[in-house]
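> What follows is structure.csv, made up of CSV, C-alpha atoms:
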```csv
chain,number,residue,atom,x,y,z
A,1,MET,CA,-1.2,154.0,70.9
A,2,THR,CA,-3.5,156.2,68.9
A,3,GLU,CA,-7.2,156.9,69.5
A,4,ARG,CA,-9.9,158.2,67.2
A,5,HIS,CA,-13.4,159.0,68.3
A,6,LEU,CA,-16.7,159.5,66.6
A,7,ILE,CA,-20.2,160.1,68.0
A,8,PHE,CA,-23.4,159.2,66.2
A,9,HIS,CA,-27.0,159.9,66.8
A,10,ASN,CA,-29.1,156.8,66.3
A,11,ASP,CA,-29.7,157.8,62.7
A,12,ILE,CA,-29.0,155.2,60.1
A,13,GLN,CA,-28.1,157.9,57.5
A,14,GLN,CA,-24.8,158.5,59.4
A,15,ILE,CA,-23.5,155.0,58.5
A,16,PRO,CA,-21.6,156.2,55.4
A,17,GLN,CA,-19.4,158.4,57.6
A,18,LEU,CA,-17.9,155.1,59.0
A,19,ALA,CA,-16.1,154.6,55.7
A,20,ALA,CA,-14.0,157.8,56.1
A,21,PHE,CA,-13.4,157.1,59.8
A,22,VAL,CA,-12.1,153.6,59.1
A,23,GLU,CA,-10.0,154.9,56.2
A,24,THR,CA,-8.3,157.4,58.6
A,25,VAL,CA,-7.7,154.7,61.2
A,26,ALA,CA,-6.4,152.2,58.5
A,27,GLU,CA,-3.9,154.8,57.2
A,28,GLU,CA,-2.7,155.5,60.7
A,29,ALA,CA,-2.3,151.7,61.5
A,30,ASN,CA,-0.9,151.1,58.0
A,31,LEU,CA,-3.5,148.5,57.1
A,32,ASP,CA,-4.1,147.2,53.6
A,33,GLN,CA,-7.3,148.0,51.8
A,34,SER,CA,-8.9,144.5,52.1
A,35,LEU,CA,-8.4,144.5,55.8
A,36,ALA,CA,-9.8,148.1,56.0
A,37,MET,CA,-12.9,147.0,54.1
A,38,GLY,CA,-13.5,144.1,56.4
A,39,LEU,CA,-13.1,146.4,59.4
A,40,ASN,CA,-15.5,148.9,57.8
A,41,LEU,CA,-18.0,146.0,57.4
A,42,ALA,CA,-17.7,144.7,61.0
A,43,LEU,CA,-18.0,148.3,62.4
A,44,GLU,CA,-21.0,149.0,60.2
A,45,GLU,CA,-22.8,145.9,61.3
A,46,ALA,CA,-22.2,146.5,65.0
A,47,VAL,CA,-23.1,150.2,64.8
A,48,THR,CA,-26.3,149.5,62.7
A,49,ASN,CA,-27.3,147.0,65.4
A,50,VAL,CA,-27.1,149.8,68.0
A,51,ILE,CA,-28.9,152.4,65.9
A,52,MET,CA,-31.7,150.0,65.0
A,53,TYR,CA,-32.3,148.3,68.4
A,54,ALA,CA,-30.7,150.1,71.4
A,55,TYR,CA,-33.2,153.0,71.7
A,56,PRO,CA,-37.0,153.0,71.4
A,57,PRO,CA,-38.2,154.0,67.9
A,58,GLY,CA,-38.5,157.7,67.5
A,59,SER,CA,-36.3,158.6,70.5
A,60,ASP,CA,-32.9,160.2,70.2
A,61,GLY,CA,-29.8,158.4,71.5
A,62,LEU,CA,-26.1,158.4,71.1
A,63,VAL,CA,-23.6,155.8,69.9
A,64,ASP,CA,-20.0,156.4,70.9
A,65,ILE,CA,-17.4,154.9,68.6
A,66,GLU,CA,-13.8,154.7,69.6
A,67,ALA,CA,-10.9,153.2,67.6
A,68,VAL,CA,-7.7,152.4,69.5
A,69,ILE,CA,-4.6,151.4,67.6
A,70,HIS,CA,-2.2,149.3,69.6
A,71,ALA,CA,1.1,147.9,68.4
A,72,ASP,CA,-0.3,144.5,67.9
A,73,ALA,CA,-4.1,145.1,67.6
A,74,LEU,CA,-6.8,147.4,66.5
A,75,GLU,CA,-9.8,147.9,68.8
A,76,PHE,CA,-13.2,149.3,68.2
A,77,ILE,CA,-15.2,150.1,71.3
A,78,LEU,CA,-18.9,151.0,70.9
A,79,SER,CA,-21.0,152.3,73.8
A,80,ASP,CA,-24.6,153.3,74.1
A,81,SER,CA,-27.0,154.1,76.9
A,82,GLY,CA,-29.8,152.0,75.4
A,83,THR,CA,-31.7,148.8,76.3
A,84,PRO,CA,-29.3,146.2,77.7
A,85,PHE,CA,-28.4,143.9,74.8
A,86,ASP,CA,-25.6,141.5,74.4
A,87,PRO,CA,-25.0,140.8,70.6
A,88,THR,CA,-22.4,138.2,71.4
A,89,ALA,CA,-25.2,136.0,72.9
A,90,ALA,CA,-27.0,135.8,69.6
A,91,ALA,CA,-27.3,132.3,68.0
A,92,GLU,CA,-24.7,131.5,65.3
A,93,ALA,CA,-26.2,131.8,61.8
A,94,ASP,CA,-26.2,128.5,59.9
A,95,ILE,CA,-24.5,129.3,56.6
A,96,THR,CA,-24.8,125.8,55.2
A,97,LEU,CA,-28.6,126.0,54.7
A,98,ASP,CA,-29.9,125.9,51.1
A,99,VAL,CA,-31.7,128.8,49.4
A,100,GLN,CA,-35.2,127.9,50.6
A,101,ASP,CA,-34.3,127.4,54.3
A,102,ARG,CA,-31.8,130.2,54.6
A,103,PRO,CA,-33.2,133.0,56.8
A,104,ILE,CA,-33.1,136.5,55.3
A,105,GLY,CA,-31.5,138.1,58.3
A,106,GLY,CA,-29.0,137.3,61.0
A,107,LEU,CA,-25.8,137.9,59.1
A,108,GLY,CA,-24.8,141.2,60.8
A,109,ILE,CA,-23.4,139.7,64.0
A,110,PHE,CA,-22.1,136.7,62.1
A,111,LEU,CA,-19.9,139.1,60.1
A,112,VAL,CA,-18.7,140.9,63.1
A,113,ARG,CA,-17.7,137.6,64.8
A,114,ASN,CA,-16.0,136.3,61.6
A,115,ILE,CA,-14.0,139.4,60.7
A,116,MET,CA,-12.9,140.4,64.2
A,117,ASP,CA,-10.7,138.1,66.4
A,118,GLU,CA,-12.3,138.9,69.8
A,119,VAL,CA,-15.7,140.4,70.5
A,120,THR,CA,-16.7,141.0,74.1
A,121,TYR,CA,-19.7,142.7,75.6
A,122,ARG,CA,-20.2,144.2,79.1
A,123,ARG,CA,-22.9,146.2,80.7
A,124,GLU,CA,-21.4,149.0,82.9
A,125,ASN,CA,-22.8,152.1,84.5
A,126,GLY,CA,-26.0,151.8,82.5
A,127,LYS,CA,-24.2,151.4,79.2
A,128,ASN,CA,-23.8,148.6,76.6
A,129,ILE,CA,-20.1,148.4,75.8
A,130,LEU,CA,-19.0,146.2,72.9
A,131,THR,CA,-15.3,145.7,72.3
A,132,MET,CA,-14.1,144.3,69.0
A,133,ARG,CA,-10.5,143.4,68.6
A,134,LYS,CA,-8.5,142.6,65.5
A,135,HIS,CA,-4.9,141.3,65.9
A,136,LEU,CA,-2.4,143.0,63.7
A,137,LYS,CA,1.0,141.8,62.7
A,138,ALA,CA,3.6,143.6,64.9
A,139,LYS,CA,5.7,146.1,62.9
B,1,MET,CA,-25.4,154.0,45.2
B,2,GLU,CA,-27.1,153.6,41.9
B,3,VAL,CA,-28.9,150.6,40.4
B,4,LYS,CA,-29.4,150.4,36.6
B,5,ILE,CA,-31.9,147.9,35.4
B,6,THR,CA,-31.9,146.8,31.8
B,7,GLU,CA,-33.7,144.1,29.8
B,8,GLN,CA,-32.4,142.2,26.8
B,9,GLY,CA,-34.1,139.2,25.4
B,10,GLY,CA,-35.4,137.2,28.4
B,11,THR,CA,-32.7,138.5,30.7
B,12,MET,CA,-33.0,141.3,33.2
B,13,THR,CA,-29.8,142.8,34.5
B,14,ALA,CA,-29.3,145.0,37.5
B,15,ALA,CA,-26.0,146.9,37.7
B,16,PHE,CA,-25.1,147.9,41.2
B,17,ILE,CA,-22.8,150.9,41.2
B,18,GLY,CA,-21.1,152.2,44.4
B,19,ARG,CA,-21.5,151.1,48.0
B,20,LEU,CA,-24.4,148.9,49.1
B,21,ASP,CA,-24.3,149.9,52.8
B,22,THR,CA,-27.3,149.9,55.2
B,23,PRO,CA,-28.9,153.2,54.3
B,24,ALA,CA,-28.3,152.6,50.5
B,25,SER,CA,-30.1,149.2,50.9
B,26,LEU,CA,-33.2,150.9,52.1
B,27,ASP,CA,-33.6,152.6,48.7
B,28,VAL,CA,-32.2,149.6,46.7
B,29,THR,CA,-34.8,147.3,48.2
B,30,ARG,CA,-37.5,149.3,46.4
B,31,GLU,CA,-35.4,149.7,43.2
B,32,VAL,CA,-35.0,146.0,42.6
B,33,GLN,CA,-38.7,145.3,42.7
B,34,PRO,CA,-38.8,144.7,38.9
B,35,LEU,CA,-36.4,141.8,39.4
B,36,LEU,CA,-38.7,140.2,42.0
B,37,ASP,CA,-41.6,140.7,39.6
B,38,HIS,CA,-39.8,138.9,36.9
B,39,ALA,CA,-38.1,136.2,39.0
B,40,ASP,CA,-39.2,133.5,36.5
B,41,ARG,CA,-36.5,134.8,34.1
B,42,THR,CA,-32.7,134.9,34.1
B,43,LEU,CA,-31.6,137.7,36.4
B,44,VAL,CA,-28.1,139.1,36.3
B,45,LEU,CA,-26.7,141.0,39.2
B,46,ASP,CA,-23.8,143.0,37.7
B,47,CYS,CA,-21.3,143.8,40.5
B,48,LYS,CA,-18.5,145.2,38.3
B,49,ASP,CA,-18.9,148.6,40.0
B,50,LEU,CA,-20.0,147.4,43.4
B,51,THR,CA,-17.3,148.4,45.8
B,52,TYR,CA,-18.8,147.4,49.2
B,53,ILE,CA,-21.7,145.3,50.5
B,54,SER,CA,-23.0,144.9,54.1
B,55,SER,CA,-25.5,142.4,55.5
B,56,SER,CA,-28.4,144.6,54.4
B,57,GLY,CA,-27.1,144.3,50.8
B,58,LEU,CA,-26.7,140.5,51.1
B,59,ARG,CA,-30.3,140.4,52.3
B,60,ILE,CA,-31.4,142.0,49.0
B,61,PHE,CA,-29.4,139.5,47.0
B,62,LEU,CA,-30.8,136.6,49.0
B,63,THR,CA,-34.4,137.9,48.6
B,64,ILE,CA,-33.9,138.0,44.8
B,65,ARG,CA,-32.3,134.5,44.9
B,66,LYS,CA,-35.3,133.1,46.9
B,67,ALA,CA,-37.8,134.7,44.5
B,68,ALA,CA,-36.0,133.1,41.6
B,69,ALA,CA,-36.0,129.7,43.4
B,70,ALA,CA,-39.7,130.0,44.0
B,71,LYS,CA,-40.6,131.1,40.5
B,72,GLY,CA,-38.2,128.9,38.5
B,73,GLY,CA,-35.9,131.7,37.4
B,74,LYS,CA,-32.1,131.9,37.6
B,75,VAL,CA,-29.7,134.3,39.2
B,76,ILE,CA,-26.2,135.1,38.1
B,77,VAL,CA,-23.9,137.2,40.1
B,78,GLN,CA,-21.4,138.8,37.7
B,79,ASP,CA,-17.9,140.2,38.2
B,80,ILE,CA,-17.6,140.5,42.0
B,81,CYS,CA,-14.3,141.9,43.2
B,82,ASP,CA,-12.0,139.9,45.5
B,83,ASP,CA,-13.1,141.7,48.7
B,84,ILE,CA,-16.7,141.1,48.1
B,85,ARG,CA,-16.0,137.5,47.0
B,86,GLN,CA,-14.4,137.1,50.5
B,87,VAL,CA,-17.7,138.3,52.1
B,88,PHE,CA,-19.6,135.8,49.9
B,89,MET,CA,-17.3,133.0,51.0
B,90,MET,CA,-17.6,133.9,54.7
B,91,THR,CA,-21.4,133.9,54.6
B,92,GLY,CA,-21.9,130.8,52.5
B,93,PHE,CA,-23.3,132.9,49.6
B,94,LEU,CA,-20.8,131.4,47.1
B,95,ASN,CA,-22.9,128.2,47.6
B,96,LEU,CA,-26.2,129.9,47.0
B,97,PHE,CA,-25.3,131.9,43.8
B,98,GLU,CA,-23.8,131.1,40.4
B,99,VAL,CA,-20.9,133.6,40.2
B,100,ARG,CA,-19.3,134.5,36.9
B,101,ASN,CA,-16.2,136.5,36.5
B,102,GLY,CA,-14.5,137.9,33.5
```
Kindly transcribe the structure held in the file into structure tokens.

Amino acid sequence: MTERHLIFHNDIQQIPQLAAFVETVAEEANLDQSLAMGLNLALEEAVTNVIMYAYPPGSDGLVDIEAVIHADALEFILSDSGTPFDPTAAAEADITLDVQDRPIGGLGIFLVRNIMDEVTYRRENGKNILTMRKHLKAK
Amino acid sequence: MEVKITEQGGTMTAAFIGRLDTPASLDVTREVQPLLDHADRTLVLDCKDLTYISSSGLRIFLTIRKAAAAKGGKVIVQDICDDIRQVFMMTGFLNLFEVRNG
């Protein structure tokens, strides 16, 4: 089991750093590039959500990002001390709607759910903790 | 991330170069305004050098597509790589856009 750790302030300009973080994790877990891009996308969506909505506008807050590589799975664990928010409770986006009816937003959490195999939320000790798990083929 | 907008005949082309992540999208939203202003024409979104897109980038594409639908224009997404095609498939965007490769 290998762990990697990254701490962000709630500043959207930090998002590009996720690419290098995921690249390091993907190399250690020996993942192909397509899977790495998907994981980068899921992680960006989840972290963006925290940066944009967990803390009141203008206030500083931290987002803790942990990657854990298991033999058969990769886990991202996000935690923040912001407003209680369960992203897994959001309504599922309807991707069958046509151009006129399709809402402009709402795809972030949808992408997280579709890319990852398990997404769970819990509120613990005043923190939001989101765990996103992707099954890996055992080596 | 860079966006290059060119015009030829009645067609306006925006070439997206690099990674269209959340912070990049904040700038790109402003840069694609000429396409929204000319959404009655054929708009080509050239993705040959687009290496990554997140929901914020998809939101920009959809905004352009909606403007074209409202004003009678047409949007062509050109040369998306396999990984981004996968994102388009997952989100139903393949049904919303005319995609041309090659």
> Counting all atoms listed in the file, collect the residues of chain B whose closest atom lies at most 12 Å from chain A, and write them out as a PyMOL selection string.
chain B and resi 1+18-27+51-71+75+81-97
> Please compute the CA of Leu136 in chain A-CA of His5 in chain A distance, one decimal, in Å.
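For CA of Leu136 in chain A relative to CA of His5 in chain A, the distance reads 20.0 Å.
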> List the spatial neighbours of Pro87 in chain A as number ranges by chain - criterion: any atom at most 10 Å away, only C-alpha atoms, same-chain residues fewer than 5 positions off excluded.
A: 46, 49-50, 108-110, 112-113, 119-121, 128, 130
> Would you mind reading off the distance between CA of Thr42 in chain B and CA of Glu7 in chain B, one decimal, in Å?
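Calculated distance between CA of Thr42 in chain B and CA of Glu7 in chain B is 10.2 Å.
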> Within 9 Å of (-11.8, 156.6, 61.6), only C-alpha atoms: residues as a tab-separated table (two decimals) with C-alpha atoms, in the frame of the given file?

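Wrote selection.tsv, looks like this:
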```tsv
chain	number	residue	atom	x	y	z
A	4	ARG	CA	-9.90	158.20	67.20
A	5	HIS	CA	-13.40	159.00	68.30
A	6	LEU	CA	-16.70	159.50	66.60
A	17	GLN	CA	-19.40	158.40	57.60
A	18	LEU	CA	-17.90	155.10	59.00
A	19	ALA	CA	-16.10	154.60	55.70
A	20	ALA	CA	-14.00	157.80	56.10
A	21	PHE	CA	-13.40	157.10	59.80
A	22	VAL	CA	-12.10	153.60	59.10
A	23	GLU	CA	-10.00	154.90	56.20
A	24	THR	CA	-8.30	157.40	58.60
A	25	VAL	CA	-7.70	154.70	61.20
A	26	ALA	CA	-6.40	152.20	58.50
A	66	GLU	CA	-13.80	154.70	69.60
A	67	ALA	CA	-10.90	153.20	67.60
```
> Using all atoms listed in the file, determine which residues lie at most 9 Å from range 68-71 of chain A, disregarding the query and same-chain residues fewer than 4 positions distant; provide the list as a PyMOL selection string.
chain A and resi 1-5+25+28-29+75-77+136-139
> How many Å separate CA of His135 in chain A from CA of Tyr53 in chain A?
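Separation of CA of His135 in chain A and CA of Tyr53 in chain A: 28.4 Å.
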> Write out as a list of chain:residue names the residues lying within 7 Å of range 9-12 of chain B, counting only C-alpha atoms and excluding same-chain residues fewer than 4 positions away.
B:Arg41, B:Thr42, B:Leu43, B:Val44
> Excluding same-chain residues fewer than 3 positions from Ala15 in chain B, what lies within 10 Å of it counting only C-alpha atoms, as a list in words?
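Everything that qualifies: Glu2, Val3, Lys4, Ile5, Thr6, Gly18, Val44, Leu45, Asp46, Cys47, Lys48, Asp49, Leu50 and Gln78 of chain B.
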> Which neighbours of Lys134 in chain A fall inside 7 Å, counting all atoms listed in the file, when residues of the same chain fewer than 2 positions from it are skipped, and could you give them as a PyMOL selection string?
chain A and resi 73-75+116-118+132+136
> Quick one: residues within 12 Å of (-35.1, 144.5, 78.9) (file frame), counting only C-alpha atoms, please, as number ranges by chain.
A: 53-56, 82-86
> Given the block above, output range 1-75 of chain A with C-alpha atoms as a PDB file, in the first residue's frame.

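File produced: out_15.pdb:
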```
ATOM      1  CA  MET A   1       0.000   0.000   0.000  1.00  0.00           C
ATOM      2  CA  THR A   2       1.376   3.387  -1.022  1.00  0.00           C
ATOM      3  CA  GLU A   3       0.028   6.762   0.015  1.00  0.00           C
ATOM      4  CA  ARG A   4       0.411  10.173  -1.539  1.00  0.00           C
ATOM      5  CA  HIS A   5      -0.782  13.368  -0.021  1.00  0.00           C
ATOM      6  CA  LEU A   6      -1.573  16.866  -1.277  1.00  0.00           C
ATOM      7  CA  ILE A   7      -3.041  19.860   0.542  1.00  0.00           C
ATOM      8  CA  PHE A   8      -4.811  22.670  -1.314  1.00  0.00           C
ATOM      9  CA  HIS A   9      -6.188  25.982  -0.237  1.00  0.00           C
ATOM     10  CA  ASN A  10      -9.643  26.685  -1.633  1.00  0.00           C
ATOM     11  CA  ASP A  11      -8.103  28.371  -4.661  1.00  0.00           C
ATOM     12  CA  ILE A  12      -9.226  27.165  -8.082  1.00  0.00           C
ATOM     13  CA  GLN A  13      -5.837  28.125  -9.579  1.00  0.00           C
ATOM     14  CA  GLN A  14      -4.315  25.101  -7.800  1.00  0.00           C
ATOM     15  CA  ILE A  15      -6.321  22.648  -9.921  1.00  0.00           C
ATOM     16  CA  PRO A  16      -3.568  22.163 -12.576  1.00  0.00           C
ATOM     17  CA  GLN A  17      -1.339  20.646  -9.850  1.00  0.00           C
ATOM     18  CA  LEU A  18      -3.691  17.644  -9.772  1.00  0.00           C
ATOM     19  CA  ALA A  19      -2.366  16.520 -13.164  1.00  0.00           C
ATOM     20  CA  ALA A  20       1.175  15.979 -11.842  1.00  0.00           C
ATOM     21  CA  PHE A  21      -0.195  14.391  -8.652  1.00  0.00           C
ATOM     22  CA  VAL A  22      -2.285  11.883 -10.620  1.00  0.00           C
ATOM     23  CA  GLU A  23       0.629  11.220 -12.963  1.00  0.00           C
ATOM     24  CA  THR A  24       2.850  10.271 -10.003  1.00  0.00           C
ATOM     25  CA  VAL A  25       0.151   8.032  -8.547  1.00  0.00           C
ATOM     26  CA  ALA A  26      -0.552   6.449 -11.951  1.00  0.00           C
ATOM     27  CA  GLU A  27       3.119   5.627 -12.411  1.00  0.00           C
ATOM     28  CA  GLU A  28       3.344   4.048  -8.975  1.00  0.00           C
ATOM     29  CA  ALA A  29       0.177   2.026  -9.591  1.00  0.00           C
ATOM     30  CA  ASN A  30       1.295   1.207 -13.145  1.00  0.00           C
ATOM     31  CA  LEU A  31      -1.901   2.545 -14.745  1.00  0.00           C
ATOM     32  CA  ASP A  32      -2.339   3.267 -18.434  1.00  0.00           C
ATOM     33  CA  GLN A  33      -2.713   6.807 -19.678  1.00  0.00           C
ATOM     34  CA  SER A  34      -6.440   6.643 -20.443  1.00  0.00           C
ATOM     35  CA  LEU A  35      -7.241   5.483 -16.931  1.00  0.00           C
ATOM     36  CA  ALA A  36      -4.941   8.180 -15.519  1.00  0.00           C
ATOM     37  CA  MET A  37      -6.807  10.852 -17.480  1.00  0.00           C
ATOM     38  CA  GLY A  38     -10.145   9.572 -16.189  1.00  0.00           C
ATOM     39  CA  LEU A  39      -8.852   9.627 -12.621  1.00  0.00           C
ATOM     40  CA  ASN A  40      -7.505  13.147 -13.126  1.00  0.00           C
ATOM     41  CA  LEU A  41     -10.951  14.185 -14.344  1.00  0.00           C
ATOM     42  CA  ALA A  42     -12.837  12.584 -11.440  1.00  0.00           C
ATOM     43  CA  LEU A  43     -10.432  14.099  -8.929  1.00  0.00           C
ATOM     44  CA  GLU A  44     -10.626  17.553 -10.529  1.00  0.00           C
ATOM     45  CA  GLU A  45     -14.431  17.506 -10.426  1.00  0.00           C
ATOM     46  CA  ALA A  46     -14.552  16.448  -6.782  1.00  0.00           C
ATOM     47  CA  VAL A  47     -11.864  18.922  -5.673  1.00  0.00           C
ATOM     48  CA  THR A  48     -13.433  21.769  -7.698  1.00  0.00           C
ATOM     49  CA  ASN A  49     -16.693  21.097  -5.921  1.00  0.00           C
ATOM     50  CA  VAL A  50     -15.031  21.522  -2.528  1.00  0.00           C
ATOM     51  CA  ILE A  51     -13.087  24.632  -3.593  1.00  0.00           C
ATOM     52  CA  MET A  52     -16.201  26.311  -4.990  1.00  0.00           C
ATOM     53  CA  TYR A  53     -18.785  25.389  -2.380  1.00  0.00           C
ATOM     54  CA  ALA A  54     -17.352  24.150   0.930  1.00  0.00           C
ATOM     55  CA  TYR A  55     -16.214  27.485   2.330  1.00  0.00           C
ATOM     56  CA  PRO A  56     -17.962  30.882   2.338  1.00  0.00           C
ATOM     57  CA  PRO A  57     -16.758  33.113  -0.546  1.00  0.00           C
ATOM     58  CA  GLY A  58     -13.621  35.048   0.402  1.00  0.00           C
ATOM     59  CA  SER A  59     -12.684  32.840   3.355  1.00  0.00           C
ATOM     60  CA  ASP A  60      -9.649  30.589   3.388  1.00  0.00           C
ATOM     61  CA  GLY A  61     -10.057  26.857   3.807  1.00  0.00           C
ATOM     62  CA  LEU A  62      -8.098  23.685   3.183  1.00  0.00           C
ATOM     63  CA  VAL A  63      -8.781  20.658   1.025  1.00  0.00           C
ATOM     64  CA  ASP A  64      -6.883  17.549   1.962  1.00  0.00           C
ATOM     65  CA  ILE A  65      -6.303  15.110  -0.905  1.00  0.00           C
ATOM     66  CA  GLU A  66      -5.004  11.630  -0.265  1.00  0.00           C
ATOM     67  CA  ALA A  67      -4.339   8.877  -2.782  1.00  0.00           C
ATOM     68  CA  VAL A  68      -3.988   5.318  -1.524  1.00  0.00           C
ATOM     69  CA  ILE A  69      -2.816   2.569  -3.831  1.00  0.00           C
ATOM     70  CA  HIS A  70      -3.996  -0.883  -2.762  1.00  0.00           C
ATOM     71  CA  ALA A  71      -3.231  -4.107  -4.613  1.00  0.00           C
ATOM     72  CA  ASP A  72      -6.695  -4.219  -6.161  1.00  0.00           C
ATOM     73  CA  ALA A  73      -7.901  -0.606  -5.986  1.00  0.00           C
ATOM     74  CA  LEU A  74      -6.960   3.033  -6.006  1.00  0.00           C
ATOM     75  CA  GLU A  75      -8.616   5.333  -3.520  1.00  0.00           C
TER      76      GLU A  75
END
```
